[in-house]
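Structure file start.tsv (TSV, N, CA and C atoms) is printed below.
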```tsv
chain	number	residue	atom	x	y	z
A	6	MET	N	224.00	61.95	44.12
A	6	MET	CA	223.55	60.86	44.95
A	6	MET	C	224.49	60.73	46.15
A	7	ALA	N	223.90	60.62	47.33
A	7	ALA	CA	224.70	60.55	48.53
A	7	ALA	C	225.27	59.14	48.70
A	8	SER	N	226.44	59.10	49.22
A	8	SER	CA	227.08	57.81	49.44
A	8	SER	C	226.51	57.14	50.69
A	9	ALA	N	226.85	55.88	50.86
A	9	ALA	CA	226.38	55.13	52.02
A	9	ALA	C	226.94	55.72	53.31
A	10	ASN	N	228.18	56.18	53.26
A	10	ASN	CA	228.78	56.77	54.46
A	10	ASN	C	228.08	58.07	54.84
A	11	ALA	N	227.71	58.86	53.85
A	11	ALA	CA	227.02	60.12	54.13
A	11	ALA	C	225.63	59.84	54.73
A	12	ARG	N	224.93	58.86	54.20
A	12	ARG	CA	223.61	58.51	54.74
A	12	ARG	C	223.73	57.98	56.17
A	13	ARG	N	224.75	57.17	56.42
A	13	ARG	CA	224.97	56.64	57.76
A	13	ARG	C	225.29	57.76	58.74
A	14	ALA	N	226.12	58.70	58.30
A	14	ALA	CA	226.47	59.83	59.17
A	14	ALA	C	225.24	60.69	59.46
A	15	ALA	N	224.40	60.90	58.46
A	15	ALA	CA	223.18	61.68	58.67
A	15	ALA	C	222.24	60.97	59.63
A	16	ALA	N	222.15	59.67	59.53
A	16	ALA	CA	221.29	58.90	60.43
A	16	ALA	C	221.80	58.97	61.87
A	17	ILE	N	223.11	58.92	62.03
A	17	ILE	CA	223.69	59.02	63.37
A	17	ILE	C	223.39	60.39	63.96
A	18	LEU	N	223.51	61.44	63.16
A	18	LEU	CA	223.22	62.79	63.65
A	18	LEU	C	221.74	62.94	64.02
A	19	ARG	N	220.86	62.38	63.19
A	19	ARG	CA	219.43	62.43	63.50
A	19	ARG	C	219.13	61.74	64.82
A	20	ASP	N	219.72	60.57	65.04
A	20	ASP	CA	219.50	59.84	66.28
A	20	ASP	C	220.03	60.60	67.48
A	21	ARG	N	221.18	61.22	67.31
A	21	ARG	CA	221.78	61.99	68.40
A	21	ARG	C	220.91	63.20	68.74
A	22	ILE	N	220.39	63.87	67.73
A	22	ILE	CA	219.52	65.01	67.95
A	22	ILE	C	218.25	64.58	68.68
A	23	ARG	N	217.67	63.48	68.26
A	23	ARG	CA	216.45	62.97	68.88
A	23	ARG	C	216.71	62.61	70.34
A	24	THR	N	217.84	61.97	70.62
A	24	THR	CA	218.19	61.59	71.99
A	24	THR	C	218.41	62.83	72.86
A	25	ASN	N	219.14	63.80	72.32
A	25	ASN	CA	219.40	65.03	73.08
A	25	ASN	C	218.11	65.80	73.35
A	26	ARG	N	217.21	65.81	72.39
A	26	ARG	CA	215.94	66.51	72.57
A	26	ARG	C	215.11	65.84	73.67
A	27	ALA	N	215.09	64.53	73.69
A	27	ALA	CA	214.34	63.81	74.72
A	27	ALA	C	214.95	64.04	76.10
A	28	ALA	N	216.28	64.03	76.17
A	28	ALA	CA	216.94	64.24	77.46
A	28	ALA	C	216.69	65.66	77.98
A	29	SER	N	216.73	66.64	77.10
A	29	SER	CA	216.50	68.01	77.54
A	29	SER	C	215.04	68.21	77.95
A	30	ALA	N	214.10	67.54	77.29
A	30	ALA	CA	212.70	67.63	77.70
A	30	ALA	C	212.51	67.04	79.09
A	31	LYS	N	213.21	65.94	79.37
A	31	LYS	CA	213.13	65.32	80.70
A	31	LYS	C	213.71	66.25	81.76
A	32	ARG	N	214.86	66.86	81.48
A	32	ARG	CA	215.46	67.81	82.42
A	32	ARG	C	214.56	69.01	82.65
A	33	ARG	N	213.94	69.49	81.59
A	33	ARG	CA	213.03	70.64	81.70
A	33	ARG	C	211.83	70.32	82.58
A	34	SER	N	211.25	69.14	82.40
A	34	SER	CA	210.07	68.79	83.19
A	34	SER	C	210.42	68.61	84.66
A	35	ILE	N	211.60	68.06	84.95
A	35	ILE	CA	212.03	67.92	86.35
A	35	ILE	C	212.24	69.29	86.98
A	36	ALA	N	212.90	70.19	86.26
A	36	ALA	CA	213.16	71.53	86.79
A	36	ALA	C	211.86	72.30	86.97
A	37	GLN	N	210.95	72.15	86.05
A	37	GLN	CA	209.66	72.84	86.14
A	37	GLN	C	208.87	72.32	87.34
A	38	ALA	N	208.85	71.02	87.54
A	38	ALA	CA	208.13	70.44	88.68
A	38	ALA	C	208.77	70.87	89.99
A	39	ALA	N	210.10	70.90	90.03
A	39	ALA	CA	210.79	71.32	91.25
A	39	ALA	C	210.48	72.78	91.58
A	40	ARG	N	210.41	73.62	90.56
A	40	ARG	CA	210.08	75.03	90.78
A	40	ARG	C	208.64	75.17	91.29
A	41	ARG	N	207.74	74.40	90.73
A	41	ARG	CA	206.34	74.47	91.17
A	41	ARG	C	206.18	73.98	92.61
A	42	VAL	N	206.92	72.94	92.97
A	42	VAL	CA	206.83	72.40	94.31
A	42	VAL	C	207.36	73.41	95.32
A	43	ARG	N	208.40	74.15	94.95
A	43	ARG	CA	208.96	75.16	95.85
A	43	ARG	C	207.99	76.31	96.09
A	44	THR	N	207.17	76.65	95.11
A	44	THR	CA	206.34	77.83	95.22
A	44	THR	C	205.02	77.60	95.93
A	45	GLY	N	204.52	76.39	95.97
A	45	GLY	CA	203.23	76.20	96.63
A	45	GLY	C	202.81	74.75	96.67
A	46	ALA	N	201.56	74.56	97.04
A	46	ALA	CA	201.01	73.21	97.14
A	46	ALA	C	200.75	72.65	95.75
A	47	ARG	N	201.16	71.42	95.51
A	47	ARG	CA	200.98	70.76	94.21
A	47	ARG	C	200.49	69.34	94.42
A	48	SER	N	200.19	68.69	93.32
A	48	SER	CA	199.71	67.32	93.40
A	48	SER	C	200.84	66.38	93.81
A	49	LEU	N	200.47	65.20	94.25
A	49	LEU	CA	201.48	64.22	94.65
A	49	LEU	C	202.35	63.81	93.47
A	50	ALA	N	201.75	63.70	92.29
A	50	ALA	CA	202.52	63.33	91.11
A	50	ALA	C	203.58	64.38	90.78
A	51	THR	N	203.26	65.65	90.97
A	51	THR	CA	204.23	66.71	90.72
A	51	THR	C	205.39	66.62	91.69
A	52	HIS	N	205.10	66.32	92.94
A	52	HIS	CA	206.17	66.15	93.93
A	52	HIS	C	207.08	64.98	93.54
A	53	ILE	N	206.48	63.91	93.03
A	53	ILE	CA	207.27	62.73	92.66
A	53	ILE	C	208.11	63.02	91.42
A	54	ILE	N	207.55	63.71	90.44
A	54	ILE	CA	208.29	64.07	89.24
A	54	ILE	C	209.46	64.99	89.59
A	55	ALA	N	209.27	65.85	90.59
A	55	ALA	CA	210.35	66.76	91.00
A	55	ALA	C	211.54	66.02	91.58
A	56	THR	N	211.34	64.77	92.03
A	56	THR	CA	212.47	63.99	92.53
A	56	THR	C	213.29	63.39	91.40
A	57	GLY	N	212.77	63.41	90.18
A	57	GLY	CA	213.50	62.87	89.04
A	57	GLY	C	212.95	61.55	88.54
A	58	THR	N	211.88	61.07	89.13
A	58	THR	CA	211.26	59.83	88.69
A	58	THR	C	210.45	60.09	87.44
A	59	HIS	N	210.62	59.26	86.43
A	59	HIS	CA	209.86	59.48	85.20
A	59	HIS	C	209.18	58.25	84.65
A	60	THR	N	209.17	57.16	85.38
A	60	THR	CA	208.41	56.01	84.91
A	60	THR	C	206.98	56.15	85.39
A	61	ASP	N	206.04	55.97	84.50
A	61	ASP	CA	204.63	56.17	84.82
A	61	ASP	C	204.15	55.22	85.92
A	62	THR	N	204.65	54.00	85.91
A	62	THR	CA	204.20	53.04	86.93
A	62	THR	C	204.65	53.48	88.31
A	63	ALA	N	205.87	54.01	88.42
A	63	ALA	CA	206.35	54.47	89.72
A	63	ALA	C	205.55	55.67	90.19
A	64	ILE	N	205.26	56.59	89.29
A	64	ILE	CA	204.50	57.78	89.68
A	64	ILE	C	203.11	57.38	90.16
A	65	LYS	N	202.46	56.50	89.42
A	65	LYS	CA	201.10	56.07	89.81
A	65	LYS	C	201.12	55.27	91.10
A	66	ALA	N	202.06	54.35	91.23
A	66	ALA	CA	202.10	53.48	92.41
A	66	ALA	C	202.46	54.27	93.67
A	67	VAL	N	203.47	55.12	93.58
A	67	VAL	CA	203.90	55.87	94.77
A	67	VAL	C	202.83	56.88	95.17
A	68	SER	N	202.21	57.55	94.19
A	68	SER	CA	201.17	58.51	94.54
A	68	SER	C	199.97	57.82	95.16
A	69	ALA	N	199.64	56.61	94.69
A	69	ALA	CA	198.55	55.85	95.31
A	69	ALA	C	198.91	55.47	96.74
A	70	GLY	N	200.15	55.06	96.96
A	70	GLY	CA	200.60	54.74	98.31
A	70	GLY	C	200.60	55.95	99.23
A	71	LEU	N	200.98	57.10	98.68
A	71	LEU	CA	200.97	58.33	99.49
A	71	LEU	C	199.55	58.77	99.79
A	72	ARG	N	198.62	58.56	98.87
A	72	ARG	CA	197.22	58.88	99.13
A	72	ARG	C	196.67	58.00	100.26
A	73	THR	N	197.05	56.74	100.26
A	73	THR	CA	196.63	55.84	101.33
A	73	THR	C	197.24	56.29	102.66
A	74	ALA	N	198.50	56.68	102.63
A	74	ALA	CA	199.15	57.18	103.86
A	74	ALA	C	198.47	58.46	104.33
A	75	ALA	N	198.03	59.30	103.40
A	75	ALA	CA	197.34	60.55	103.76
A	75	ALA	C	196.00	60.24	104.43
A	76	LYS	N	195.30	59.25	103.90
A	76	LYS	CA	194.01	58.88	104.49
A	76	LYS	C	194.23	58.33	105.89
A	77	ASN	N	195.25	57.50	106.08
A	77	ASN	CA	195.52	56.92	107.40
A	77	ASN	C	196.01	57.96	108.39
A	78	ALA	N	196.80	58.94	107.90
A	78	ALA	CA	197.35	59.96	108.79
A	78	ALA	C	196.39	61.12	109.01
A	79	GLY	N	195.35	61.20	108.20
A	79	GLY	CA	194.38	62.28	108.36
A	79	GLY	C	194.83	63.59	107.75
A	80	ILE	N	195.77	63.54	106.83
A	80	ILE	CA	196.24	64.76	106.15
A	80	ILE	C	195.36	64.95	104.93
A	81	LYS	N	194.67	66.08	104.88
A	81	LYS	CA	193.70	66.32	103.82
A	81	LYS	C	194.31	66.99	102.59
A	82	GLY	N	195.24	67.90	102.78
A	82	GLY	CA	195.74	68.68	101.65
A	82	GLY	C	194.78	69.82	101.35
A	83	ARG	N	195.09	70.59	100.34
A	83	ARG	CA	194.23	71.70	99.94
A	83	ARG	C	193.37	71.28	98.76
A	84	ARG	N	192.12	71.65	98.81
A	84	ARG	CA	191.20	71.32	97.71
A	84	ARG	C	191.43	72.28	96.56
A	85	ALA	N	191.32	71.76	95.37
A	85	ALA	CA	191.38	72.59	94.16
A	85	ALA	C	190.38	72.03	93.17
A	86	ARG	N	189.88	72.89	92.30
A	86	ARG	CA	188.94	72.46	91.28
A	86	ARG	C	189.62	72.60	89.93
A	87	ILE	N	189.60	71.55	89.15
A	87	ILE	CA	190.17	71.60	87.81
A	87	ILE	C	189.10	71.18	86.81
A	88	ARG	N	189.33	71.53	85.58
A	88	ARG	CA	188.43	71.11	84.50
A	88	ARG	C	189.16	70.11	83.64
A	89	ARG	N	188.58	68.93	83.48
A	89	ARG	CA	189.19	67.86	82.69
A	89	ARG	C	188.29	67.53	81.52
A	90	SER	N	188.87	67.40	80.37
A	90	SER	CA	188.14	66.94	79.21
A	90	SER	C	188.55	65.50	78.96
A	91	LEU	N	187.74	64.58	79.43
A	91	LEU	CA	188.10	63.17	79.33
A	91	LEU	C	187.89	62.62	77.93
A	92	THR	N	186.84	63.05	77.27
A	92	THR	CA	186.56	62.56	75.93
A	92	THR	C	186.86	63.58	74.86
A	93	GLY	N	187.23	64.78	75.27
A	93	GLY	CA	187.52	65.83	74.31
A	93	GLY	C	186.31	66.65	73.91
A	94	THR	N	185.15	66.32	74.45
A	94	THR	CA	183.95	67.03	74.04
A	94	THR	C	183.55	68.12	75.02
A	95	ARG	N	183.71	67.90	76.31
A	95	ARG	CA	183.32	68.91	77.28
A	95	ARG	C	184.24	68.82	78.48
A	96	ASN	N	184.27	69.90	79.23
A	96	ASN	CA	185.11	69.95	80.42
A	96	ASN	C	184.30	69.53	81.64
A	97	ILE	N	184.85	68.64	82.42
A	97	ILE	CA	184.21	68.16	83.63
A	97	ILE	C	184.96	68.75	84.82
A	98	VAL	N	184.25	69.35	85.74
A	98	VAL	CA	184.87	69.92	86.93
A	98	VAL	C	185.16	68.78	87.89
A	99	LYS	N	186.40	68.75	88.36
A	99	LYS	CA	186.84	67.67	89.24
A	99	LYS	C	187.55	68.28	90.44
A	100	THR	N	187.33	67.71	91.61
A	100	THR	CA	188.00	68.17	92.83
A	100	THR	C	189.26	67.35	93.03
A	101	VAL	N	190.39	68.05	93.18
A	101	VAL	CA	191.66	67.39	93.42
A	101	VAL	C	192.27	67.97	94.69
A	102	PHE	N	193.32	67.34	95.17
A	102	PHE	CA	193.96	67.80	96.39
A	102	PHE	C	195.43	68.12	96.12
A	103	ARG	N	195.89	69.22	96.70
A	103	ARG	CA	197.27	69.67	96.57
A	103	ARG	C	197.93	69.60	97.93
A	104	TYR	N	199.23	69.25	97.92
A	104	TYR	CA	199.97	69.05	99.16
A	104	TYR	C	201.23	69.91	99.16
A	105	THR	N	201.59	70.44	100.33
A	105	THR	CA	202.82	71.20	100.47
A	105	THR	C	203.99	70.24	100.67
A	106	ARG	N	205.20	70.79	100.65
A	106	ARG	CA	206.39	69.96	100.82
A	106	ARG	C	206.42	69.30	102.19
A	107	THR	N	206.02	70.02	103.23
A	107	THR	CA	206.04	69.44	104.57
A	107	THR	C	205.01	68.33	104.71
A	108	GLU	N	203.84	68.52	104.08
A	108	GLU	CA	202.83	67.45	104.13
A	108	GLU	C	203.32	66.21	103.38
A	109	VAL	N	203.99	66.41	102.25
A	109	VAL	CA	204.50	65.27	101.49
A	109	VAL	C	205.60	64.57	102.27
A	110	ALA	N	206.41	65.33	103.00
A	110	ALA	CA	207.45	64.71	103.83
A	110	ALA	C	206.81	63.86	104.94
A	111	GLN	N	205.71	64.33	105.52
A	111	GLN	CA	205.01	63.54	106.54
A	111	GLN	C	204.42	62.27	105.93
A	112	LEU	N	203.86	62.42	104.73
A	112	LEU	CA	203.29	61.25	104.05
A	112	LEU	C	204.37	60.24	103.69
A	113	ALA	N	205.51	60.74	103.22
A	113	ALA	CA	206.61	59.85	102.85
A	113	ALA	C	207.15	59.11	104.07
A	114	ALA	N	207.14	59.77	105.22
A	114	ALA	CA	207.60	59.11	106.45
A	114	ALA	C	206.65	57.96	106.83
A	115	ALA	N	205.37	58.13	106.54
A	115	ALA	CA	204.39	57.09	106.87
A	115	ALA	C	204.31	56.00	105.80
A	116	TYR	N	204.82	56.30	104.61
A	116	TYR	CA	204.73	55.38	103.47
A	116	TYR	C	205.84	54.34	103.57
A	117	LYS	N	205.50	53.06	103.51
A	117	LYS	CA	206.48	51.98	103.62
A	117	LYS	C	206.44	51.11	102.36
A	118	PRO	N	207.19	51.46	101.32
A	118	PRO	CA	207.16	50.68	100.09
A	118	PRO	C	208.00	49.41	100.20
A	119	ARG	N	207.75	48.46	99.30
A	119	ARG	CA	208.51	47.22	99.28
A	119	ARG	C	209.51	47.17	98.13
A	120	LYS	N	209.13	47.72	96.99
A	120	LYS	CA	210.01	47.69	95.82
A	120	LYS	C	211.18	48.66	96.00
A	121	ALA	N	212.33	48.30	95.47
A	121	ALA	CA	213.52	49.14	95.61
A	121	ALA	C	213.34	50.48	94.89
A	122	GLU	N	212.67	50.46	93.75
A	122	GLU	CA	212.45	51.70	92.99
A	122	GLU	C	211.58	52.67	93.78
A	123	TYR	N	210.57	52.16	94.45
A	123	TYR	CA	209.68	53.00	95.24
A	123	TYR	C	210.37	53.48	96.51
A	124	LYS	N	211.27	52.65	97.06
A	124	LYS	CA	212.04	53.08	98.23
A	124	LYS	C	212.94	54.25	97.89
A	125	ALA	N	213.50	54.24	96.66
A	125	ALA	CA	214.35	55.35	96.23
A	125	ALA	C	213.54	56.63	96.10
A	126	VAL	N	212.33	56.52	95.59
A	126	VAL	CA	211.46	57.70	95.48
A	126	VAL	C	211.11	58.23	96.86
A	127	ARG	N	210.84	57.32	97.80
A	127	ARG	CA	210.52	57.73	99.17
A	127	ARG	C	211.70	58.46	99.81
A	128	ALA	N	212.90	57.94	99.60
A	128	ALA	CA	214.08	58.60	100.16
A	128	ALA	C	214.27	60.00	99.55
A	129	ALA	N	214.00	60.12	98.26
A	129	ALA	CA	214.13	61.43	97.61
A	129	ALA	C	213.07	62.40	98.13
A	130	LEU	N	211.87	61.90	98.40
A	130	LEU	CA	210.83	62.76	98.95
A	130	LEU	C	211.16	63.22	100.36
A	131	LEU	N	211.77	62.33	101.13
A	131	LEU	CA	212.16	62.71	102.49
A	131	LEU	C	213.32	63.70	102.49
A	132	ALA	N	214.20	63.60	101.50
A	132	ALA	CA	215.35	64.50	101.43
A	132	ALA	C	214.96	65.89	100.93
A	133	ALA	N	213.86	65.98	100.20
A	133	ALA	CA	213.47	67.28	99.62
A	133	ALA	C	212.92	68.24	100.64
```
Please render this file's structure as structure tokens.
Amino acid sequence: MASANARRAAAILRDRIRTNRAASAKRRSIAQAARRVRTGARSLATHIIATGTHTDTAIKAVSAGLRTAAKNAGIKGRRARIRRSLTGTRNIVKTVFRYTRTEVAQLAAAYKPRKAEYKAVRAALLAA
């Protein structure tokens, strides 16, 4: 029978492993997004993830703001067709738009956020 100290030590190790695994997954996704952004046109969300932002609300809000800036600036991006399975039963063809780094920099220059978190994302997009 394991002692209380041994169980506590095992629990600490399990928590540390779980934390390290989550942190490495986050680093991997940032590096993967950055590599994809360097190689070609990608979605606005991919550009935002490449800056290191990982809160879903920031990604959705900033990408919506950048889409509005794109509409106002007349930047179309490249069309792409993807297949999405929304209910899991069939694939629906959907038209999406991909943007290059220079186009995203132009959009970020036109984007004027109010929240401090979104301003940080904008600065990171301009620096990239």
Write out as a tab-separated table (two decimals) with N, CA and C atoms, keeping the file's coordinate frame all residues of region 21-117 of chain A that backbone DSSP assigns to strand (DSSP E or B).
```tsv
chain	number	residue	atom	x	y	z
A	47	ARG	N	201.16	71.42	95.51
A	47	ARG	CA	200.98	70.76	94.21
A	47	ARG	C	200.49	69.34	94.42
A	83	ARG	N	195.09	70.59	100.34
A	83	ARG	CA	194.23	71.70	99.94
A	83	ARG	C	193.37	71.28	98.76
A	84	ARG	N	192.12	71.65	98.81
A	84	ARG	CA	191.20	71.32	97.71
A	84	ARG	C	191.43	72.28	96.56
A	85	ALA	N	191.32	71.76	95.37
A	85	ALA	CA	191.38	72.59	94.16
A	85	ALA	C	190.38	72.03	93.17
A	86	ARG	N	189.88	72.89	92.30
A	86	ARG	CA	188.94	72.46	91.28
A	86	ARG	C	189.62	72.60	89.93
A	87	ILE	N	189.60	71.55	89.15
A	87	ILE	CA	190.17	71.60	87.81
A	87	ILE	C	189.10	71.18	86.81
A	88	ARG	N	189.33	71.53	85.58
A	88	ARG	CA	188.43	71.11	84.50
A	88	ARG	C	189.16	70.11	83.64
A	89	ARG	N	188.58	68.93	83.48
A	89	ARG	CA	189.19	67.86	82.69
A	89	ARG	C	188.29	67.53	81.52
A	97	ILE	N	184.85	68.64	82.42
A	97	ILE	CA	184.21	68.16	83.63
A	97	ILE	C	184.96	68.75	84.82
A	98	VAL	N	184.25	69.35	85.74
A	98	VAL	CA	184.87	69.92	86.93
A	98	VAL	C	185.16	68.78	87.89
A	99	LYS	N	186.40	68.75	88.36
A	99	LYS	CA	186.84	67.67	89.24
A	99	LYS	C	187.55	68.28	90.44
A	100	THR	N	187.33	67.71	91.61
A	100	THR	CA	188.00	68.17	92.83
A	100	THR	C	189.26	67.35	93.03
A	101	VAL	N	190.39	68.05	93.18
A	101	VAL	CA	191.66	67.39	93.42
A	101	VAL	C	192.27	67.97	94.69
A	102	PHE	N	193.32	67.34	95.17
A	102	PHE	CA	193.96	67.80	96.39
A	102	PHE	C	195.43	68.12	96.12
A	103	ARG	N	195.89	69.22	96.70
A	103	ARG	CA	197.27	69.67	96.57
A	103	ARG	C	197.93	69.60	97.93
A	104	TYR	N	199.23	69.25	97.92
A	104	TYR	CA	199.97	69.05	99.16
A	104	TYR	C	201.23	69.91	99.16
```
Enumerate, as number ranges by chain, the complete set of residues in chain A that a backbone-based DSSP assignment places in helix (DSSP H, G or I).
-> A: 9-44, 49-55, 61-78, 106-115, 121-132
Could you name the residues that touch region 16-31 of chain A at 10 Å or less, counting only C-alpha atoms, but leaving out those on the same chain fewer than 6 positions away, as a ChimeraX atom specification?
-> /A:10,37,54,57-59
Pick from A:Ile35, A:Ile80, A:Ala75, A:Ala9, whichever lies nearest to Thr56 (chain A) using only C-alpha atoms =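 Looking at the shortest contact to Thr56 (chain A), the residue is A:Ile35.
In this structure, CA of Ile53 (chain A) sits 7.2 Å away from CA of Leu130 (chain A).
Coordinates place CA of Ile64 (chain A) at a distance of 6.1 Å from CA of Ala50 (chain A).
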Find the residues near Ser48 (chain A): any atom within 6.5 Å, counting only N, CA and C atoms, skip ones fewer than 4 places away on the same chain, and give them as a VMD selection string.
-> chain A and resid 52 to 53 102 to 104
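Counting only C-alpha atoms and comparing A:Ser34, A:Ala115, A:Arg86, A:Leu49, the residue that lies closest to Ala63 (chain A) is A:Leu49.
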